[in-house]
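**Q** So I've got this file, input31.txt, and it contains compact mmCIF, C-alpha atoms:
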```
# COMPACT_ATOMS: atom_id res chain seq x y z
CA MET Q 1 11.43 8.90 8.44
CA LEU Q 2 8.57 10.68 6.67
CA THR Q 3 9.68 14.06 5.35
CA ARG Q 4 8.03 17.42 4.78
CA ARG Q 5 9.20 20.74 3.40
CA ILE Q 6 10.05 24.07 4.97
CA GLY Q 7 10.67 26.76 2.39
CA GLY Q 8 11.44 24.12 -0.22
CA VAL Q 9 13.90 22.27 2.01
CA GLU Q 10 13.09 18.67 2.91
CA VAL Q 11 13.18 17.90 6.65
CA SER Q 12 11.92 15.16 8.93
CA ALA Q 13 8.17 15.35 9.57
CA ILE Q 14 8.90 15.35 13.32
CA GLY Q 15 11.47 17.78 14.66
CA LEU Q 16 13.18 18.07 18.02
CA GLY Q 17 12.30 20.98 20.29
CA ALA Q 18 15.50 21.57 22.26
CA MET Q 19 14.18 24.11 24.77
CA PRO Q 20 13.82 21.67 27.76
CA MET Q 21 17.55 21.01 27.62
CA SER Q 22 18.39 24.56 28.67
CA LEU Q 23 15.71 25.87 31.04
CA GLU Q 24 15.82 25.61 34.82
CA GLY Q 25 15.83 21.94 35.84
CA ARG Q 26 17.61 20.95 32.63
CA PRO Q 27 19.48 17.65 32.30
CA ASP Q 28 23.24 17.45 32.49
CA ARG Q 29 25.14 18.11 29.29
CA ALA Q 30 25.88 14.44 28.60
CA GLN Q 31 22.19 13.52 28.67
CA ALA Q 32 21.29 16.51 26.51
CA ILE Q 33 23.89 15.58 23.89
CA GLU Q 34 22.70 11.96 23.95
CA THR Q 35 19.12 13.15 23.41
CA ILE Q 36 20.12 15.17 20.34
CA ARG Q 37 22.16 12.32 18.90
CA THR Q 38 19.31 9.87 19.50
CA ALA Q 39 17.08 12.20 17.51
CA LEU Q 40 19.59 12.13 14.65
CA ASP Q 41 19.76 8.32 14.81
CA LYS Q 42 15.95 8.21 14.47
CA GLY Q 43 16.11 10.30 11.31
CA VAL Q 44 15.25 13.70 12.78
CA THR Q 45 16.70 16.47 10.60
CA LEU Q 46 15.03 19.52 12.15
CA ILE Q 47 16.11 20.93 15.50
CA ASP Q 48 14.38 23.96 16.99
CA THR Q 49 16.24 26.29 19.32
CA ALA Q 50 16.36 29.99 20.28
CA ASP Q 51 18.89 32.35 21.76
CA ALA Q 52 16.63 32.90 24.77
CA TYR Q 53 16.46 29.21 25.72
CA SER Q 54 18.50 29.45 28.89
CA ALA Q 55 18.05 29.35 32.65
CA ASP Q 56 18.21 33.16 32.91
CA ASP Q 57 20.07 36.14 31.49
CA SER Q 58 23.43 34.86 32.75
CA ASP Q 59 23.65 31.97 30.25
CA PHE Q 60 21.77 33.50 27.34
CA GLY Q 61 22.46 31.41 24.22
CA HIS Q 62 22.98 28.17 26.17
CA ASN Q 63 20.74 26.11 23.90
CA GLU Q 64 22.33 27.30 20.68
CA GLU Q 65 25.79 26.46 22.02
CA LEU Q 66 24.55 23.01 23.06
CA ILE Q 67 23.13 22.35 19.59
CA ALA Q 68 26.37 23.49 17.95
CA GLU Q 69 28.37 21.09 20.13
CA ALA Q 70 26.08 18.14 19.41
CA LEU Q 71 26.03 18.77 15.64
CA LYS Q 72 29.76 19.27 15.20
CA GLY Q 73 30.73 17.36 12.06
CA VAL Q 74 27.10 16.54 11.21
CA ASP Q 75 25.55 17.63 7.91
CA GLY Q 76 22.00 17.62 6.60
CA VAL Q 77 20.24 18.98 9.70
CA MET Q 78 18.17 22.16 9.59
CA VAL Q 79 18.69 24.24 12.71
CA ALA Q 80 15.86 26.70 13.32
CA THR Q 81 16.60 29.42 15.83
CA LYS Q 82 14.77 32.52 16.97
CA GLY Q 83 15.42 36.07 18.12
CA GLY Q 84 13.29 38.74 19.72
CA HIS Q 85 12.87 37.33 23.23
CA THR Q 86 15.20 38.49 25.97
CA ARG Q 87 15.90 37.08 29.42
CA LEU Q 88 15.86 39.20 32.55
CA PRO Q 89 17.57 38.78 35.95
CA GLY Q 90 15.69 36.17 37.93
CA GLY Q 91 14.66 34.22 34.84
CA ASP Q 92 11.82 36.41 33.55
CA TRP Q 93 11.25 36.89 29.82
CA GLY Q 94 11.30 40.17 27.91
CA LEU Q 95 10.67 41.30 24.34
CA ASP Q 96 12.72 43.34 21.88
CA GLY Q 97 11.46 43.52 18.32
CA ARG Q 98 13.54 46.50 17.21
CA PRO Q 99 15.21 45.85 13.85
CA GLU Q 100 18.63 46.80 15.21
CA TYR Q 101 18.22 44.33 18.07
CA LEU Q 102 17.13 41.49 15.77
CA LYS Q 103 20.09 42.06 13.46
CA ALA Q 104 22.50 42.02 16.40
CA ALA Q 105 20.78 38.92 17.83
CA CYS Q 106 21.18 37.16 14.49
CA GLU Q 107 24.91 37.95 14.42
CA ALA Q 108 25.27 36.51 17.93
CA SER Q 109 23.35 33.37 16.94
CA LEU Q 110 25.60 32.93 13.90
CA ARG Q 111 28.64 32.99 16.19
CA ARG Q 112 27.16 30.56 18.73
CA LEU Q 113 26.00 28.12 16.06
CA GLY Q 114 29.30 28.43 14.21
CA VAL Q 115 27.73 28.90 10.78
CA ASP Q 116 27.92 31.43 7.97
CA ALA Q 117 24.14 31.48 7.46
CA ILE Q 118 21.30 30.33 9.71
CA ASP Q 119 19.07 27.67 8.13
CA LEU Q 120 15.80 29.12 9.50
CA TYR Q 121 15.62 32.31 11.55
CA GLN Q 122 12.31 33.17 13.20
CA PHE Q 123 11.05 36.31 14.92
CA HIS Q 124 10.20 34.85 18.32
CA ARG Q 125 7.19 36.91 19.38
CA PRO Q 126 5.60 40.22 18.35
CA ASP Q 127 6.73 43.20 20.43
CA PRO Q 128 3.74 45.51 21.08
CA SER Q 129 6.08 48.51 21.17
CA VAL Q 130 7.39 47.91 17.62
CA PRO Q 131 5.28 47.69 14.44
CA THR Q 132 5.26 44.12 13.14
CA ALA Q 133 6.31 45.29 9.67
CA GLU Q 134 9.47 46.87 11.10
CA SER Q 135 10.48 43.72 12.97
CA VAL Q 136 9.80 41.44 10.02
CA GLY Q 137 11.55 43.95 7.77
CA ALA Q 138 14.76 43.12 9.63
CA LEU Q 139 14.31 39.47 8.63
CA ALA Q 140 13.89 40.55 5.01
CA GLU Q 141 17.18 42.43 5.22
CA LEU Q 142 18.90 39.43 6.79
CA LEU Q 143 17.59 37.24 3.97
CA ASP Q 144 18.82 39.67 1.33
CA ALA Q 145 22.22 39.86 3.04
CA GLY Q 146 22.59 36.07 3.07
CA LYS Q 147 22.78 35.93 6.86
CA ILE Q 148 19.77 33.59 6.97
CA LYS Q 149 18.55 31.05 4.42
CA LEU Q 150 14.87 31.07 5.43
CA ALA Q 151 12.70 33.41 7.50
CA GLY Q 152 9.86 32.55 9.84
CA VAL Q 153 7.71 33.99 12.59
CA SER Q 154 6.38 32.67 15.88
CA ASN Q 155 3.28 33.40 17.95
CA PHE Q 156 1.62 35.35 15.11
CA ASP Q 157 -2.12 35.63 14.44
CA PRO Q 158 -3.56 35.31 10.88
CA ALA Q 159 -3.44 39.05 10.14
CA GLN Q 160 0.18 39.23 11.32
CA ILE Q 161 1.08 36.17 9.24
CA ARG Q 162 -0.33 37.76 6.09
CA LYS Q 163 1.51 41.00 6.87
CA ALA Q 164 4.78 39.17 7.49
CA ASN Q 165 4.49 37.31 4.20
CA GLU Q 166 3.81 40.60 2.43
CA VAL Q 167 6.82 42.31 4.01
CA LEU Q 168 8.99 39.32 3.08
CA GLY Q 169 7.79 39.44 -0.52
CA GLY Q 170 6.10 36.05 -0.29
CA ARG Q 171 9.16 34.43 1.28
CA LEU Q 172 7.68 33.52 4.69
CA ALA Q 173 8.81 29.92 5.22
CA SER Q 174 7.33 29.01 8.59
CA VAL Q 175 4.98 29.90 11.42
CA GLN Q 176 5.73 28.46 14.86
CA ASN Q 177 2.69 28.68 17.14
CA GLN Q 178 1.42 26.78 20.14
CA PHE Q 179 -0.91 23.91 19.22
CA SER Q 180 -1.88 20.81 21.18
CA PRO Q 181 -4.97 18.90 22.35
CA ALA Q 182 -5.16 21.42 25.21
CA PHE Q 183 -4.53 24.46 23.02
CA ARG Q 184 -6.48 24.35 19.76
CA SER Q 185 -7.15 28.07 19.31
CA SER Q 186 -4.39 28.30 16.70
CA GLU Q 187 -6.40 26.23 14.20
CA PRO Q 188 -6.99 29.40 12.09
CA GLU Q 189 -3.24 29.95 11.80
CA LEU Q 190 -2.71 26.30 10.87
CA GLU Q 191 -5.41 26.51 8.20
CA LEU Q 192 -3.95 29.73 6.80
CA CYS Q 193 -0.50 28.15 6.56
CA ALA Q 194 -2.01 25.20 4.69
CA GLU Q 195 -3.71 27.65 2.32
CA LEU Q 196 -0.51 29.62 1.70
CA ASP Q 197 1.75 26.53 1.71
CA ILE Q 198 3.78 27.80 4.66
CA ALA Q 199 5.18 25.29 7.15
CA PHE Q 200 3.33 25.27 10.47
CA LEU Q 201 5.50 24.18 13.42
CA PRO Q 202 3.41 23.44 16.54
CA TRP Q 203 5.34 24.20 19.71
CA SER Q 204 4.47 22.31 22.91
CA PRO Q 205 2.49 19.83 20.76
CA LEU Q 206 2.20 17.42 23.69
CA GLY Q 207 1.00 20.10 26.11
CA GLY Q 208 4.28 21.39 27.53
CA ILE Q 209 7.12 20.05 29.63
CA ALA Q 210 5.08 19.40 32.78
CA ALA Q 211 1.93 18.03 31.12
CA ALA Q 212 3.27 15.90 28.25
CA GLY Q 213 3.45 12.74 30.35
CA GLU Q 214 -0.18 13.12 31.41
CA LEU Q 215 -1.61 13.63 27.93
CA GLY Q 216 -3.48 10.31 27.98
CA GLU Q 217 -4.95 11.02 31.41
CA ARG Q 218 -6.19 14.46 30.38
CA PHE Q 219 -7.61 13.46 27.00
CA ALA Q 220 -9.38 10.10 27.03
CA ALA Q 221 -9.78 9.79 23.26
CA PHE Q 222 -6.00 9.89 22.77
CA ALA Q 223 -5.51 7.22 25.45
CA GLU Q 224 -8.20 5.00 23.89
CA VAL Q 225 -6.73 5.18 20.40
CA ALA Q 226 -3.28 4.55 21.87
CA ARG Q 227 -4.49 1.40 23.62
CA ASP Q 228 -6.15 0.16 20.45
CA ARG Q 229 -2.99 0.73 18.42
CA GLY Q 230 -0.46 -0.40 21.03
CA VAL Q 231 1.40 2.92 21.03
CA SER Q 232 1.75 5.88 23.38
CA PRO Q 233 -0.85 8.68 23.59
CA GLN Q 234 1.99 11.03 22.64
CA GLN Q 235 2.51 9.19 19.34
CA VAL Q 236 -1.23 9.38 18.65
CA CYS Q 237 -1.15 13.12 19.32
CA LEU Q 238 1.70 13.74 16.87
CA ALA Q 239 0.13 11.51 14.20
CA TRP Q 240 -3.14 13.45 14.64
CA MET Q 241 -1.26 16.69 13.99
CA LEU Q 242 0.52 15.32 10.94
CA ALA Q 243 -2.87 14.39 9.49
CA LYS Q 244 -4.08 18.00 9.78
CA ALA Q 245 -2.14 19.21 6.73
CA PRO Q 246 1.06 18.41 4.81
CA GLN Q 247 2.49 21.71 6.07
CA VAL Q 248 2.45 20.62 9.74
CA VAL Q 249 5.82 19.72 11.28
CA PRO Q 250 5.51 19.19 15.06
CA ILE Q 251 8.55 19.96 17.22
CA PRO Q 252 8.01 18.07 20.51
CA GLY Q 253 10.35 19.18 23.26
CA SER Q 254 12.52 16.56 24.84
CA SER Q 255 15.35 16.22 27.32
CA ARG Q 256 15.53 12.40 27.34
CA PRO Q 257 16.55 10.02 24.54
CA ALA Q 258 13.51 7.80 25.17
CA SER Q 259 11.10 10.69 24.68
CA ILE Q 260 12.37 11.83 21.29
CA SER Q 261 12.70 8.22 20.17
CA ASP Q 262 9.01 7.63 20.91
CA SER Q 263 7.98 10.90 19.28
CA ALA Q 264 9.93 10.17 16.09
CA ASP Q 265 8.07 6.88 15.68
CA ALA Q 266 4.80 8.80 15.28
CA VAL Q 267 5.55 9.15 11.56
CA HIS Q 268 4.78 5.44 11.16
CA LEU Q 269 1.27 5.73 12.63
CA ARG Q 270 -1.56 6.22 10.13
CA LEU Q 271 -4.83 7.09 11.82
CA SER Q 272 -8.19 6.23 10.27
CA GLU Q 273 -10.81 8.85 9.45
CA GLU Q 274 -12.93 7.53 12.31
CA GLU Q 275 -10.02 7.89 14.75
CA LEU Q 276 -9.29 11.42 13.54
CA VAL Q 277 -12.91 12.43 14.08
CA ARG Q 278 -12.77 11.05 17.63
CA LEU Q 279 -9.58 12.95 18.37
CA ASP Q 280 -10.90 16.19 16.85
CA GLY Q 281 -13.91 15.92 19.12
```
As C-alpha cells - that is how I would like this structure written.
**A**
Amino acid sequence: MLTRRIGGVEVSAIGLGAMPMSLEGRPDRAQAIETIRTALDKGVTLIDTADAYSADDSDFGHNEELIAEALKGVDGVMVATKGGHTRLPGGDWGLDGRPEYLKAACEASLRRLGVDAIDLYQFHRPDPSVPTAESVGALAELLDAGKIKLAGVSNFDPAQIRKANEVLGGRLASVQNQFSPAFRSSEPELELCAELDIAFLPWSPLGGIAAAGELGERFAAFAEVARDRGVSPQQVCLAWMLAKAPQVVPIPGSSRPASISDSADAVHLRLSEEELVRLDG
C-alpha cells in the first residue's frame, strides 16, 4: 500500500469513507463490518467517519459506533471524524458551528469511539450563523487540551482554509472537500493544500453513492483508459487524483467488500502523462 502523510502521520494513500454504511439503505451490520475489515486487509489505515453519519436523528453517532466495533483490538489505523453537522427529524441535515456545541460533540465522539484522543477531528461544514474563526477556535482549544491529535476542516473555500490555518497557528492538518470527475470546482482548494502542504481528502471521489458505478458511462476518457489498462474506471479515477499532488488522499465511500478492495488497488496504477492529460480534459 502506497502511503501519504496527514499532519506528519503516515497513512494509506487510499482511505475508506464509511458514510454509506450508516445512511438510509445501509447494509446489515455483518456486511458493514466485513467491508471495514476487508479495507484493513488491503492495507487501508485511514477511515473517515462523522457523528452525523446516521439514518436520522434517532441513531446519531451510528457510524462512529460501527467503526469502534470493527476496530476493536486493532492498532495503527487513523480514524478521522467530524462534528458540526446535526441531523433533524425525518433525516434532514442541520448545522451547528458554535464552539460549545463542537466541544460537546467532540466529547460524545470520544465516548463512541472509545478513545482518549481523536486521531483527526474535522469541522464538518461552515455555519453561516457563526464566524469561522470562532468555530475553528474550538478545534484549537481541543488540540491544546489533548482531546484531538490533529485538526482539519471540511467544505471550506481557499479564504476559509487560510483563516483556519491562521487560527490554528499553522496546525491545520487536512481539508476534506468534494472532488470528482463530475465536481472539479474544488481544484483551487486542492492546489492551495499542495502549496501549504496540508492533506487534501476528496469526498465522493467517484461521484457519490448513486453515481459511482456509472463513472465509466458518464466520463468516456476514464472508461477508455480503464479498458486499455485492464482495470476499473473507478481505479483510474483514484489514480488520477493521486497524481494531482502528494497531499491528495481520496476517501471513496463503500458499503461492500468488493468496492473497497477495488479502490485500494488504485495505488498500484501509474498513469502516463498522456493519460493524465486526457483525463484532465
**Q** Do you know which residues lie at most 12 Å from (22.0, 44.0, 14.8), with coordinates as in the file and all atoms listed in the file counted, and could you write them as JSON, numbers by chain?
**A** {"Q": [83, 84, 96, 97, 98, 99, 100, 101, 102, 103, 104, 105, 106, 107, 108, 109, 110, 135, 138, 139, 141, 142, 147]}
**Q** Find, counting all atoms listed in the file, the residue in Q:Ala199, Q:Val225, Q:Val153, Q:Ala159 that gets nearest to Leu276 (chain Q).
**A**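 Checking each candidate against Leu276 (chain Q), we get Q:Val225 as the closest.
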**Q** Could you give me, as a list in words, the residues that have an atom at most 12 Å away from the point (32.0, 20.6, 20.4) in the coordinates of the file, using only C-alpha atoms?
**A**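 Within the cut-off we find Arg29, Ala30, Ile33, Glu64, Glu65, Leu66, Ile67, Ala68, Glu69, Ala70, Leu71, Lys72, Gly73, Val74, Arg112, Leu113 and Gly114 of chain Q.
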**Q** Please dump the current selection as a PDB file, in the coordinates of the input; keep C-alpha atoms.
**A**
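Saved file result11.pdb follows:
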```pdb
ATOM      1  CA  ARG Q  29      25.140  18.110  29.290  1.00  0.00           C
ATOM      2  CA  ALA Q  30      25.880  14.440  28.600  1.00  0.00           C
ATOM      3  CA  ILE Q  33      23.890  15.580  23.890  1.00  0.00           C
ATOM      4  CA  GLU Q  64      22.330  27.300  20.680  1.00  0.00           C
ATOM      5  CA  GLU Q  65      25.790  26.460  22.020  1.00  0.00           C
ATOM      6  CA  LEU Q  66      24.550  23.010  23.060  1.00  0.00           C
ATOM      7  CA  ILE Q  67      23.130  22.350  19.590  1.00  0.00           C
ATOM      8  CA  ALA Q  68      26.370  23.490  17.950  1.00  0.00           C
ATOM      9  CA  GLU Q  69      28.370  21.090  20.130  1.00  0.00           C
ATOM     10  CA  ALA Q  70      26.080  18.140  19.410  1.00  0.00           C
ATOM     11  CA  LEU Q  71      26.030  18.770  15.640  1.00  0.00           C
ATOM     12  CA  LYS Q  72      29.760  19.270  15.200  1.00  0.00           C
ATOM     13  CA  GLY Q  73      30.730  17.360  12.060  1.00  0.00           C
ATOM     14  CA  VAL Q  74      27.100  16.540  11.210  1.00  0.00           C
ATOM     15  CA  ARG Q 112      27.160  30.560  18.730  1.00  0.00           C
ATOM     16  CA  LEU Q 113      26.000  28.120  16.060  1.00  0.00           C
ATOM     17  CA  GLY Q 114      29.300  28.430  14.210  1.00  0.00           C
TER      18      GLY Q 114
END
```
**Q** Find, counting only C-alpha atoms, the residue in Q:Leu215, Q:Gln235, Q:Gly91, Q:Met241 that gets nearest to Ala266 (chain Q).
**A**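 Of Q:Leu215, Q:Gln235, Q:Gly91, Q:Met241, the one nearest Ala266 (chain Q), counting only C-alpha atoms, is Q:Gln235.
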**Q** What gap, in Å, lies between CA of Pro27 (chain Q) and CA of Gly43 (chain Q)?
**A** 22.5 Å
**Q** Ranking Q:Asp157, Q:Ala55, Q:Ala239, Q:Gly25 by minimum distance to Ser185 (chain Q) and counting only C-alpha atoms, which one comes first?
**A**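 Nearest candidate to Ser185 (chain Q) out of Q:Asp157, Q:Ala55, Q:Ala239, Q:Gly25: Q:Asp157.
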**Q** Could you tell me how far CA of His85 (chain Q) lies from CA of Asn165 (chain Q), in Å and to one decimal?
**A**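 Calculated distance between CA of His85 (chain Q) and CA of Asn165 (chain Q) is 20.8 Å.
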**Q** Find the spatial neighbours of Ala52 (chain Q), counting only C-alpha atoms, within a cut-off of 10 Å - ignore same-chain residues fewer than 6 positions away - and output them as a PyMOL selection string.
**A** chain Q and resi 19+22-23+59-64+81-87+93-94+124
**Q** Out of Q:Ala211, Q:Asp265, Q:Ser154, Q:Pro257, which residue has the shortest atom-to-atom distance to Ser232 (chain Q) when counting only C-alpha atoms?
**A** Q:Asp265
**Q** In Å, how far is it from CA of Phe179 (chain Q) to CA of Asp41 (chain Q)?
**A** 26.3 Å
**Q** Using all atoms listed in the file, find the one residue out of Q:Ser129, Q:Ser58, Q:Ser180, Q:Thr49 that sits nearest to Leu242 (chain Q).
**A**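 So, comparing all the options, the nearest one is Q:Ser180.
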**Q** Extract, using only C-alpha atoms, all DNA, RNA and protein residues at most 8 Å from Leu168 (chain Q), discarding same-chain residues fewer than 3 positions from it, and format them as a ChimeraX atom specification.
**A** /Q:136-137,139-140,164-165,171-172
**Q** What would the file look like if the residues just selected were written as a short mmCIF file (atom, residue, chain, number, x, y, z; two decimals), in the coordinates of the input with C-alpha atoms?
**A**
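Result went into part.cif, see below:
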```
data_model
loop_
_atom_site.label_atom_id
_atom_site.label_comp_id
_atom_site.auth_asym_id
_atom_site.auth_seq_id
_atom_site.Cartn_x
_atom_site.Cartn_y
_atom_site.Cartn_z
CA VAL Q 136 9.80 41.44 10.02
CA GLY Q 137 11.55 43.95 7.77
CA LEU Q 139 14.31 39.47 8.63
CA ALA Q 140 13.89 40.55 5.01
CA ALA Q 164 4.78 39.17 7.49
CA ASN Q 165 4.49 37.31 4.20
CA ARG Q 171 9.16 34.43 1.28
CA LEU Q 172 7.68 33.52 4.69
#
```
**Q** Please determine, counting only C-alpha atoms, which residue among Q:Pro250, Q:Gly90, Q:Gly208, Q:Gly146 has the shortest atom-to-atom distance to Val175 (chain Q).
**A**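 Answer, going by the shortest atom-to-atom distance: Q:Pro250.
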